[in-house]
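Reading through the structure tokens given below for one structure.
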Amino acid sequence: MLKDFKEFVARGNVLDLAVAVIMGTAFGAIVTSAVNDVIMPPIGLLLGQVDFKDLFISLSGQSYPSLAAAKEAGAPVIAYGQFLNSVINFLIIAFVIFLAVRQAKKLYRVKQEAPAPAPATKDCTFCCTPIPVAATRCPHCTSHLGGAAAGM
């Protein structure tokens with residue numbers, strides 16, 4: 001069983017997947033920090049010094065000074081500010097993945113195969129013998145096949 005497990009783990013696809021998950025997790029943390037610490041503060045400043053992380057609606061009808069205070073009191077809330085941050089995180093990650101896949105397609109684009117050449121022979125409609133495409137008379141059964149000299 002240990003041998004089978006080693007073979008499974010040693011496969012290239014499993015290792016590639018593990019590296020991708022680790023890199024994706026690290027990249028997600030970087031994007032989250034960029035959104036929360038770099039992108040949203042200037043936007044909040046432009047919109048009247050609003051901290052998007054603290055935007056919420058209290059469903060209990062009571063007013064709370066912050067999201068943390070509402071959660072501490074156990075009030076049901078809709079934390080739409082955190083939702084906006086998550087949406088922006090998703091959009092940034094999706095755009096970066098789009099760019100990466102687009103570049104990978106350009107780098108690994110397989111040359112399209114040339115169209116197959118036109119056939120050099122055709123079958124005689126009377127005796128089914130292969131003959132050149134340009135032939136107007138079958139060399140085997142001497143039948144007229146049509147073409148420029150067919151009426152002669």
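In the structure tokens, the first chain shown is A, the next is B, and so on; residue numbers restart at 1 for each chain, and ligands run from 1 in the order shown.
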Please, which residues of region 10-98 of chain A, numbered as in this document, come out alpha helix (DSSP H) from DSSP, as a PyMOL selection string?
-> chain A and resi 10+12-34+40-46+67-72+80-98
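Inside region 52-131 of chain A, the residues DSSP reads as strand (DSSP E) when given the backbone are A:Ile57, A:Ser58, A:Val77, A:Ile78, A:Thr121, A:Lys122, A:Asp123, A:Pro130, A:Ile131.
Checking A:Ala135, A:Ile88, A:Ala69, A:Ala118 one by one against Met40 (chain A), counting only C-alpha atoms, you find the shortest gap at A:Ile88.
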Within 9 Å of region 25-29 of chain A, counting only C-alpha atoms, which residues qualify if same-chain residues fewer than 6 places away don't, as a ChimeraX atom specification?
-> /A:89-90,93
Fewer than 3 positions away in the same chain doesn't count, so skip those; otherwise give me all residues within 12 Å of Ser66 (chain A), counting only C-alpha atoms, as an MDAnalysis selection string.
-> chainID A and resid 50:58 62:63 69:73 75 77 79 81
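The gap separating CA of Leu145 (chain A) from CA of Asp123 (chain A) is 10.1 Å, in Å to one decimal.
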